[in-house]
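Novice: Next comes upload00.txt, compact mmCIF, C-alpha atoms and all ligand atoms:
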# COMPACT_ATOMS: atom_id res chain seq x y z
CA MET A 1 3.97 23.30 6.24
CA LEU A 2 2.76 23.35 2.63
CA ASN A 3 0.03 25.79 1.62
CA ASN A 4 -2.35 23.20 0.26
CA LYS A 5 -4.66 20.96 2.27
CA SER A 6 -3.58 17.80 0.53
CA ILE A 7 -4.38 14.13 0.70
CA GLY A 8 -1.35 12.38 2.19
CA ILE A 9 -0.28 9.04 0.77
CA PHE A 10 2.23 6.96 2.68
CA ASP A 11 4.26 3.83 2.05
CA SER A 12 7.46 2.38 3.46
CA GLY A 13 9.04 3.06 0.07
CA TYR A 14 7.96 3.10 -3.54
CA GLY A 15 5.07 0.62 -3.48
CA GLY A 16 2.41 3.15 -2.52
CA LEU A 17 3.09 4.94 -5.78
CA THR A 18 1.21 2.15 -7.60
CA VAL A 19 -1.84 3.03 -5.49
CA PHE A 20 -1.21 6.77 -5.83
CA ARG A 21 -1.16 6.34 -9.63
CA SER A 22 -4.69 4.88 -9.60
CA ILE A 23 -5.95 7.48 -7.10
CA PHE A 24 -4.50 10.30 -9.18
CA GLU A 25 -6.12 8.90 -12.36
CA GLN A 26 -9.54 8.79 -10.71
CA LEU A 27 -9.27 12.01 -8.68
CA PRO A 28 -6.80 14.28 -10.52
CA GLU A 29 -8.20 17.56 -9.19
CA TYR A 30 -6.98 17.26 -5.57
CA ASP A 31 -3.61 18.14 -4.06
CA TYR A 32 -1.45 15.23 -2.94
CA VAL A 33 1.65 14.71 -0.83
CA TYR A 34 3.37 11.34 -1.17
CA LEU A 35 5.83 10.20 1.50
CA GLY A 36 8.02 7.11 1.10
CA ASP A 37 10.02 6.11 4.18
CA THR A 38 12.72 4.68 1.93
CA ALA A 39 15.46 5.22 4.52
CA ARG A 40 13.80 2.59 6.76
CA ALA A 41 12.23 0.32 4.10
CA PRO A 42 11.41 -2.48 3.85
CA TYR A 43 8.99 -2.69 6.78
CA GLY A 44 7.82 -6.21 5.98
CA ASN A 45 10.18 -8.15 8.26
CA ARG A 46 10.21 -5.58 11.10
CA SER A 47 8.58 -5.87 14.52
CA PHE A 48 5.11 -4.62 15.33
CA GLN A 49 6.63 -1.85 17.52
CA SER A 50 8.94 -0.57 14.79
CA ILE A 51 6.25 -0.61 12.08
CA HIS A 52 3.83 1.24 14.34
CA GLN A 53 6.42 3.80 15.45
CA TYR A 54 7.74 4.51 11.93
CA THR A 55 4.26 4.72 10.43
CA TRP A 56 2.98 7.08 13.11
CA GLU A 57 6.05 9.32 12.74
CA CYS A 58 5.39 9.54 9.01
CA VAL A 59 1.66 10.16 9.45
CA GLN A 60 2.43 13.02 11.88
CA TRP A 61 4.85 14.47 9.36
CA LEU A 62 2.11 14.39 6.71
CA PHE A 63 -0.28 16.10 9.15
CA GLU A 64 2.39 18.78 9.69
CA GLN A 65 2.39 19.36 5.91
CA GLY A 66 -1.32 20.22 6.12
CA CYS A 67 -2.85 16.83 5.25
CA GLN A 68 -6.21 16.15 6.90
CA LEU A 69 -6.58 12.70 5.35
CA VAL A 70 -3.75 10.17 5.09
CA ILE A 71 -3.96 6.91 3.16
CA LEU A 72 -1.60 4.16 4.31
CA ALA A 73 -0.88 2.79 0.82
CA CYS A 74 1.02 -0.04 2.48
CA ASN A 75 -0.47 -3.35 3.59
CA THR A 76 2.19 -3.92 6.23
CA ALA A 77 1.48 -0.57 7.89
CA SER A 78 -2.27 -1.08 7.48
CA ALA A 79 -1.99 -4.51 9.13
CA LYS A 80 0.35 -3.56 11.96
CA ALA A 81 -0.16 0.13 12.71
CA LEU A 82 -3.56 1.34 11.49
CA ARG A 83 -5.68 0.12 14.36
CA ASN A 84 -3.44 1.71 17.04
CA ILE A 85 -3.26 4.92 15.06
CA GLN A 86 -7.04 5.10 14.62
CA GLN A 87 -7.94 4.06 18.14
CA ILE A 88 -5.17 5.68 20.23
CA ASP A 89 -2.70 7.97 18.45
CA LEU A 90 -5.25 10.10 16.60
CA LYS A 91 -6.77 11.18 19.93
CA SER A 92 -3.85 13.60 20.33
CA GLN A 93 -4.69 15.30 17.01
CA ASP A 94 -7.36 17.56 15.55
CA PRO A 95 -10.51 15.36 15.65
CA ALA A 96 -11.18 16.03 11.94
CA LYS A 97 -8.01 14.19 10.87
CA ARG A 98 -8.38 10.69 9.42
CA VAL A 99 -6.08 7.81 8.50
CA LEU A 100 -7.31 5.04 6.20
CA GLY A 101 -5.69 1.77 5.13
CA VAL A 102 -5.79 -0.56 2.14
CA ILE A 103 -6.84 -3.87 3.70
CA ARG A 104 -10.50 -3.21 4.42
CA PRO A 105 -11.37 -1.77 0.98
CA THR A 106 -9.65 -4.75 -0.62
CA ALA A 107 -11.38 -7.28 1.64
CA GLU A 108 -14.75 -5.70 0.83
CA VAL A 109 -14.53 -6.66 -2.85
CA ILE A 110 -12.00 -9.47 -3.31
CA GLY A 111 -14.60 -12.20 -2.79
CA ASN A 112 -16.32 -11.04 -5.99
CA TYR A 113 -13.34 -12.13 -8.09
CA THR A 114 -13.39 -15.83 -7.23
CA GLN A 115 -15.59 -18.56 -8.72
CA THR A 116 -14.09 -21.41 -6.68
CA LYS A 117 -14.23 -19.43 -3.37
CA HIS A 118 -10.53 -20.13 -2.80
CA ILE A 119 -8.30 -17.03 -2.68
CA GLY A 120 -4.53 -16.84 -2.23
CA VAL A 121 -3.09 -13.79 -0.48
CA LEU A 122 0.54 -12.89 -1.21
CA GLY A 123 2.06 -10.35 1.18
CA THR A 124 4.96 -9.44 3.40
CA LYS A 125 5.75 -11.45 6.52
CA GLY A 126 4.15 -8.71 8.64
CA THR A 127 0.92 -8.69 6.68
CA VAL A 128 0.62 -12.48 6.62
CA GLN A 129 1.48 -12.91 10.32
CA SER A 130 -1.14 -10.34 11.32
CA GLY A 131 -3.88 -12.52 9.82
CA SER A 132 -5.68 -9.30 8.85
CA TYR A 133 -6.81 -10.55 5.44
CA VAL A 134 -8.13 -13.84 6.80
CA ILE A 135 -10.18 -11.94 9.39
CA GLU A 136 -11.39 -9.12 7.13
CA ILE A 137 -12.24 -11.29 4.11
CA GLY A 138 -14.02 -13.65 6.51
CA ASN A 139 -16.19 -10.74 7.68
CA PHE A 140 -17.34 -9.85 4.17
CA PHE A 141 -17.25 -13.27 2.47
CA PRO A 142 -17.65 -16.00 5.10
CA ASP A 143 -17.86 -18.72 2.42
CA VAL A 144 -14.46 -17.86 0.91
CA LYS A 145 -11.39 -19.80 1.99
CA VAL A 146 -8.24 -17.70 2.31
CA TYR A 147 -4.70 -19.09 1.93
CA GLN A 148 -1.69 -16.92 2.68
CA GLN A 149 1.96 -16.88 1.64
CA ALA A 150 4.65 -14.53 2.89
CA CYS A 151 7.06 -13.47 0.13
CA PRO A 152 9.85 -11.84 2.18
CA LEU A 153 12.30 -11.49 -0.70
CA TRP A 154 10.01 -9.81 -3.21
CA VAL A 155 10.13 -6.28 -1.73
CA PRO A 156 13.95 -6.25 -1.39
CA LEU A 157 14.25 -7.45 -5.01
CA ILE A 158 11.87 -4.71 -6.13
CA GLU A 159 13.34 -1.92 -3.97
CA ASN A 160 16.82 -2.79 -5.26
CA GLY A 161 15.81 -2.78 -8.92
CA GLU A 162 16.42 -6.52 -9.36
CA TYR A 163 12.79 -7.47 -9.99
CA ASP A 164 13.06 -7.75 -13.77
CA LYS A 165 16.42 -9.55 -13.80
CA PRO A 166 16.62 -13.31 -14.44
CA GLY A 167 17.64 -13.95 -10.78
CA ALA A 168 14.23 -12.75 -9.63
CA ASP A 169 12.45 -15.61 -11.42
CA TYR A 170 13.61 -18.17 -8.87
CA PHE A 171 11.98 -16.29 -5.99
CA VAL A 172 8.84 -15.40 -7.94
CA LYS A 173 8.28 -19.06 -8.78
CA LYS A 174 9.23 -20.27 -5.28
CA TYR A 175 6.47 -18.35 -3.45
CA LEU A 176 3.88 -19.04 -6.16
CA ASP A 177 4.60 -22.77 -5.92
CA GLN A 178 4.20 -22.53 -2.14
CA ILE A 179 0.81 -20.84 -2.23
CA LEU A 180 -0.58 -23.00 -5.03
CA ALA A 181 0.52 -26.11 -3.12
CA GLN A 182 -1.88 -25.07 -0.34
CA SER A 183 -4.95 -25.69 -2.54
CA PRO A 184 -5.52 -26.76 -6.16
CA ASP A 185 -8.75 -24.72 -6.13
CA ILE A 186 -7.20 -21.25 -5.81
CA ASP A 187 -8.44 -19.21 -8.79
CA THR A 188 -7.61 -15.71 -7.47
CA LEU A 189 -4.29 -14.41 -6.20
CA LEU A 190 -4.35 -11.08 -4.37
CA LEU A 191 -1.17 -9.01 -4.51
CA ALA A 192 -1.50 -7.80 -0.92
CA CYS A 193 1.58 -5.63 -1.06
CA THR A 194 1.64 -2.40 -3.01
CA HIS A 195 5.12 -3.20 -4.36
CA TYR A 196 4.04 -6.39 -6.14
CA PRO A 197 2.33 -4.85 -9.21
CA LEU A 198 5.86 -4.33 -10.52
CA ILE A 199 6.31 -8.09 -10.83
CA GLN A 200 2.75 -8.81 -11.94
CA ALA A 201 3.86 -9.70 -15.49
CA LYS A 202 6.50 -12.12 -14.15
CA ILE A 203 3.97 -13.65 -11.75
CA LYS A 204 1.54 -14.30 -14.61
CA GLU A 205 4.25 -16.16 -16.56
CA TYR A 206 4.23 -18.86 -13.87
CA LEU A 207 0.45 -19.22 -13.54
CA SER A 208 -2.14 -21.03 -15.59
CA PRO A 209 -4.41 -18.58 -17.44
CA GLY A 210 -7.38 -19.56 -15.26
CA ILE A 211 -5.86 -17.84 -12.20
CA LYS A 212 -6.65 -14.15 -11.80
CA VAL A 213 -4.04 -11.83 -10.34
CA VAL A 214 -5.57 -8.86 -8.52
CA SER A 215 -3.66 -5.73 -7.55
CA GLN A 216 -5.05 -3.06 -5.26
CA GLY A 217 -4.59 0.31 -7.01
CA ASP A 218 -8.01 0.57 -8.64
CA ILE A 219 -9.78 -1.01 -5.68
CA VAL A 220 -8.32 1.54 -3.22
CA ALA A 221 -8.92 4.44 -5.61
CA LYS A 222 -12.61 3.51 -6.05
CA SER A 223 -12.97 3.17 -2.32
CA LEU A 224 -11.51 6.67 -1.81
CA VAL A 225 -13.94 8.11 -4.37
CA ASP A 226 -16.76 6.51 -2.39
CA TYR A 227 -15.32 7.70 0.97
CA LEU A 228 -15.14 11.31 -0.20
CA GLN A 229 -18.74 11.14 -1.44
CA ARG A 230 -19.87 9.82 1.92
CA HIS A 231 -17.81 12.43 3.86
CA PRO A 232 -18.57 15.80 2.25
CA GLU A 233 -16.98 17.71 5.17
CA MET A 234 -13.66 15.94 4.51
CA GLU A 235 -14.01 16.40 0.76
CA ALA A 236 -14.64 20.14 1.21
CA SER A 237 -11.53 20.50 3.37
CA ILE A 238 -9.15 19.21 0.65
CA SER A 239 -7.70 21.77 -1.73
CA ARG A 240 -8.01 21.37 -5.49
CA ASN A 241 -5.00 22.72 -7.35
CA ALA A 242 -4.07 19.39 -8.95
CA THR A 243 -0.56 19.34 -7.43
CA GLN A 244 1.48 16.26 -6.54
CA LYS A 245 4.45 16.57 -4.19
CA PHE A 246 6.81 13.69 -3.50
CA PHE A 247 8.97 13.23 -0.42
CA THR A 248 11.43 10.57 0.67
CA THR A 249 13.26 10.03 3.95
CA THR A 250 16.45 9.13 2.11
CA ASP A 251 18.77 12.03 1.27
CA ASP A 252 19.52 10.62 -2.19
CA THR A 253 16.44 12.09 -3.82
CA ALA A 254 17.79 11.47 -7.34
CA ASP A 255 17.88 7.73 -6.61
CA PHE A 256 14.32 7.91 -5.26
CA ASP A 257 13.17 9.76 -8.39
CA HIS A 258 14.71 7.14 -10.66
CA TYR A 259 12.80 4.23 -9.11
CA ALA A 260 9.70 6.27 -8.29
CA GLU A 261 9.19 6.99 -11.97
CA ILE A 262 8.89 3.25 -12.65
CA PHE A 263 6.24 2.79 -9.94
CA PHE A 264 4.32 6.00 -10.73
CA SER A 265 4.55 5.67 -14.54
CA ALA A 266 5.48 9.36 -14.79
CA ALA A 267 8.43 11.59 -13.94
CA VAL A 268 8.88 12.26 -10.22
CA LYS A 269 10.88 15.06 -8.58
CA SER A 270 11.13 14.47 -4.86
CA SER A 271 12.43 16.38 -1.84
CA PHE A 272 13.93 15.16 1.40
CA ALA A 273 11.47 14.73 4.28
CA ASP A 274 13.00 15.34 7.68
CA VAL A 275 10.72 12.97 9.59
CA LYS A 276 11.32 13.22 13.35
CA CYS A 277 12.47 9.89 14.73
N1 LIG B 301 4.41 -1.81 0.14
C1 LIG B 301 4.29 -2.41 1.41
C2 LIG B 301 3.05 -3.25 1.57
O1 LIG B 301 2.07 -3.01 0.87
C3 LIG B 301 5.41 -3.18 1.97
C4 LIG B 301 6.69 -3.06 1.87
C5 LIG B 301 7.69 -3.32 2.92
O2 LIG B 301 8.01 -4.46 3.24
O3 LIG B 301 8.19 -2.30 3.34
O4 LIG B 301 3.00 -4.13 2.37
Is it possible to give me this structure as structure tokens?
Specialist:
Amino acid sequence: MLNNKSIGIFDSGYGGLTVFRSIFEQLPEYDYVYLGDTARAPYGNRSFQSIHQYTWECVQWLFEQGCQLVILACNTASAKALRNIQQIDLKSQDPAKRVLGVIRPTAEVIGNYTQTKHIGVLGTKGTVQSGSYVIEIGNFFPDVKVYQQACPLWVPLIENGEYDKPGADYFVKKYLDQILAQSPDIDTLLLACTHYPLIQAKIKEYLSPGIKVVSQGDIVAKSLVDYLQRHPEMEASISRNATQKFFTTTDDTADFDHYAEIFFSAAVKSSFADVKC
């Protein structure tokens, strides 16, 4: 167990670091523990049972490190595991512990970006199949039409460092063509996977300038600022030594650090996390 009472941030791999970056920029004073389950990533094409089991194992590990609040900075885990964790698994823990996801805060604001009321959601197979964005955006913006496209090859390209190579262009264009073919009125594309900001520049190359591309980092960070203001007891329980600790479930921490630096836009020095499976 670490000494600090940190905010835990979890993703299947590196993607959550794009969210962590924005959180850290807005709330630099807190202590953070980041955990990437890189040994078992990607989660996107896995079954509901596996995603739930892996996510809960990682959340428990973060609790064991002293985290009271864990952010699932992963859409796939938020779509497939969050509800079970909140409604069932957390009952076995200290009642003050909380786990939050990234889908609801995004759904709360995404309707404000569109003029045409037609939004495209790009995500992993797991996120798209769950229908979570269609349901959640429908709750907040009933007049917005939501189109979805699974992009199963984007995370593997990103996790393997191939995202900026010429071969990636084919798959970037392929999924964009597929979502835009669903409606000529889409004016907003949501990157509903925390890995995708890495290919945001490439995505924009294939879009007309009238289409906005929205990533989640700042949205989730603002929502956390708001959450901590509304929950002073949680805010008071988090320590403020401005530390960031990084953990990965793969034993090649040097490899993790190399890629993590690209996602986090700063040097990363990680340690191995022995998550109980
Ligand atoms: N970064 C994760 C997300 O936001 C997904 C990655 C994966 O497939 O593991 O959905």
Novice: Figure out the distance between atom C1 of ligand LIG 301 (chain B) and CA of Ile85 in chain A, please, to one decimal in Å.
Specialist: 17.2 Å
Novice: Residues at most 6 Å from ligand LIG 301 (chain B), using only C-alpha atoms and all ligand atoms? Could they come as a PyMOL selection string?
Specialist: chain A and resi 11-12+15-16+41-44+74-76+124+155+193-195
Novice: Calculate how many Å separate CA of Val220 in chain A from CA of Val70 in chain A, rounding to one decimal.
Specialist: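 Taking CA of Val220 in chain A as the start and CA of Val70 in chain A as the end point, the length is 12.8 Å.
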Novice: State, in Å with one decimal place, the distance from CA of Gln148 in chain A to CA of Ala201 in chain A.
Specialist: 20.3 Å
Novice: Which one is closest to Cys58 in chain A: A:Val134, A:Ile71, A:Ala267, A:Ala242? Count only C-alpha atoms.
Specialist: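 Among the listed residues, the smallest separation from Cys58 in chain A belongs to A:Ile71.
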Novice: So, counting only C-alpha atoms, which residue among A:Asp257, A:Val144, A:Pro28, A:Tyr196 is closest to Leu157 in chain A?
Specialist: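 Closest residue, counting only C-alpha atoms: A:Tyr196.
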Novice: Find the residue from A:His258, A:Asp252, A:Pro105, A:Ala77 that sits nearest to Asp226 in chain A; use all atoms listed in the file when measuring.
Specialist: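 Among the listed residues, the smallest separation from Asp226 in chain A belongs to A:Pro105.
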Novice: Could you check which of A:Tyr259, A:Tyr206, A:Leu153, A:Leu69 is closest to Tyr227 in chain A, using all atoms listed in the file?
Specialist: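 Checking each candidate against Tyr227 in chain A, we get A:Leu69 as the closest.
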Novice: Give me the residues within 10 Å of Gln60 in chain A as a PyMOL selection string, counting all atoms listed in the file and dropping any in the same chain fewer than 5 places off.
Specialist: chain A and resi 55+65-67+70+89-90+93+275-276
Novice: Nearest to Phe63 in chain A: which of A:Thr253, A:Thr18, A:Ser6, A:Ser78 is it, counting only C-alpha atoms?
Specialist: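 Of A:Thr253, A:Thr18, A:Ser6, A:Ser78, the one nearest Phe63 in chain A, counting only C-alpha atoms, is A:Ser6.
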Novice: Quick one: everything within 8 Å of Lys245 in chain A, counting only C-alpha atoms, minus sequence neighbours fewer than 3 positions away in the same chain. Send it as a PyMOL selection string.
Specialist: chain A and resi 32-34+269-270
Novice: Which of these residues is nearest to Gln149 in chain A, using all atoms listed in the file: A:Gly101, A:Gly126, A:Pro184, A:Gly8?
Specialist: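 Result for the nearest residue to Gln149 in chain A: A:Gly126.
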Novice: Tell me, as a PDB file with C-alpha atoms, keeping the file's coordinate frame, which residues lie within 8 Å of Val225 in chain A, counting only C-alpha atoms; anything in the same chain fewer than 3 positions away does not count.
Specialist:
ATOM      1  CA  GLN A  26      -9.540   8.790 -10.710  1.00  0.00           C
ATOM      2  CA  LEU A  27      -9.270  12.010  -8.680  1.00  0.00           C
ATOM      3  CA  ALA A 221      -8.920   4.440  -5.610  1.00  0.00           C
ATOM      4  CA  LYS A 222     -12.610   3.510  -6.050  1.00  0.00           C
ATOM      5  CA  LEU A 228     -15.140  11.310  -0.200  1.00  0.00           C
ATOM      6  CA  GLN A 229     -18.740  11.140  -1.440  1.00  0.00           C
TER       7      GLN A 229
END
Novice: Per residue of range 83-108 of chain A within 9 Å of range 231-237 of chain A, which atom pair is closest and at what distance in Å (one decimal), using only C-alpha atoms, listed by chain and increasing number, as JSON lines?
Specialist:
{"residue": "A:Ala96", "atom": "CA", "partner": "A:Met234", "partner_atom": "CA", "distance": 7.8}
{"residue": "A:Lys97", "atom": "CA", "partner": "A:Met234", "partner_atom": "CA", "distance": 8.7}
{"residue": "A:Arg98", "atom": "CA", "partner": "A:Met234", "partner_atom": "CA", "distance": 8.9}
Novice: Would you give me, as a tab-separated table, each residue of range 29-123 of chain A having an atom within 8 Å of an atom of range 213-219 of chain A, along with its shortest atom pair and that distance in Å to one decimal, using all atoms listed in the file and sorting by chain and residue number?
Specialist:
residue	atom	partner	partner_atom	distance
A:Val102	CA	A:Gln216	CA	7.8
A:Pro105	CA	A:Ile219	CA	6.9
A:Thr106	CA	A:Ile219	CA	6.3
A:Val109	CA	A:Ile219	CA	7.9
Novice: Which residues are near Gly120 in chain A? Cut-off 7 Å, all atoms listed in the file, ignore same chain within fewer than 6 positions. Put them as a short mmCIF file (atom, residue, chain, number, x, y, z; two decimals) with C-alpha atoms, in the coordinates of the input.
Specialist:
data_model
loop_
_atom_site.label_atom_id
_atom_site.label_comp_id
_atom_site.auth_asym_id
_atom_site.auth_seq_id
_atom_site.Cartn_x
_atom_site.Cartn_y
_atom_site.Cartn_z
CA VAL A 146 -8.24 -17.70 2.31
CA TYR A 147 -4.70 -19.09 1.93
CA GLN A 148 -1.69 -16.92 2.68
CA ILE A 179 0.81 -20.84 -2.23
CA ILE A 186 -7.20 -21.25 -5.81
CA THR A 188 -7.61 -15.71 -7.47
CA LEU A 189 -4.29 -14.41 -6.20
CA LEU A 190 -4.35 -11.08 -4.37
#
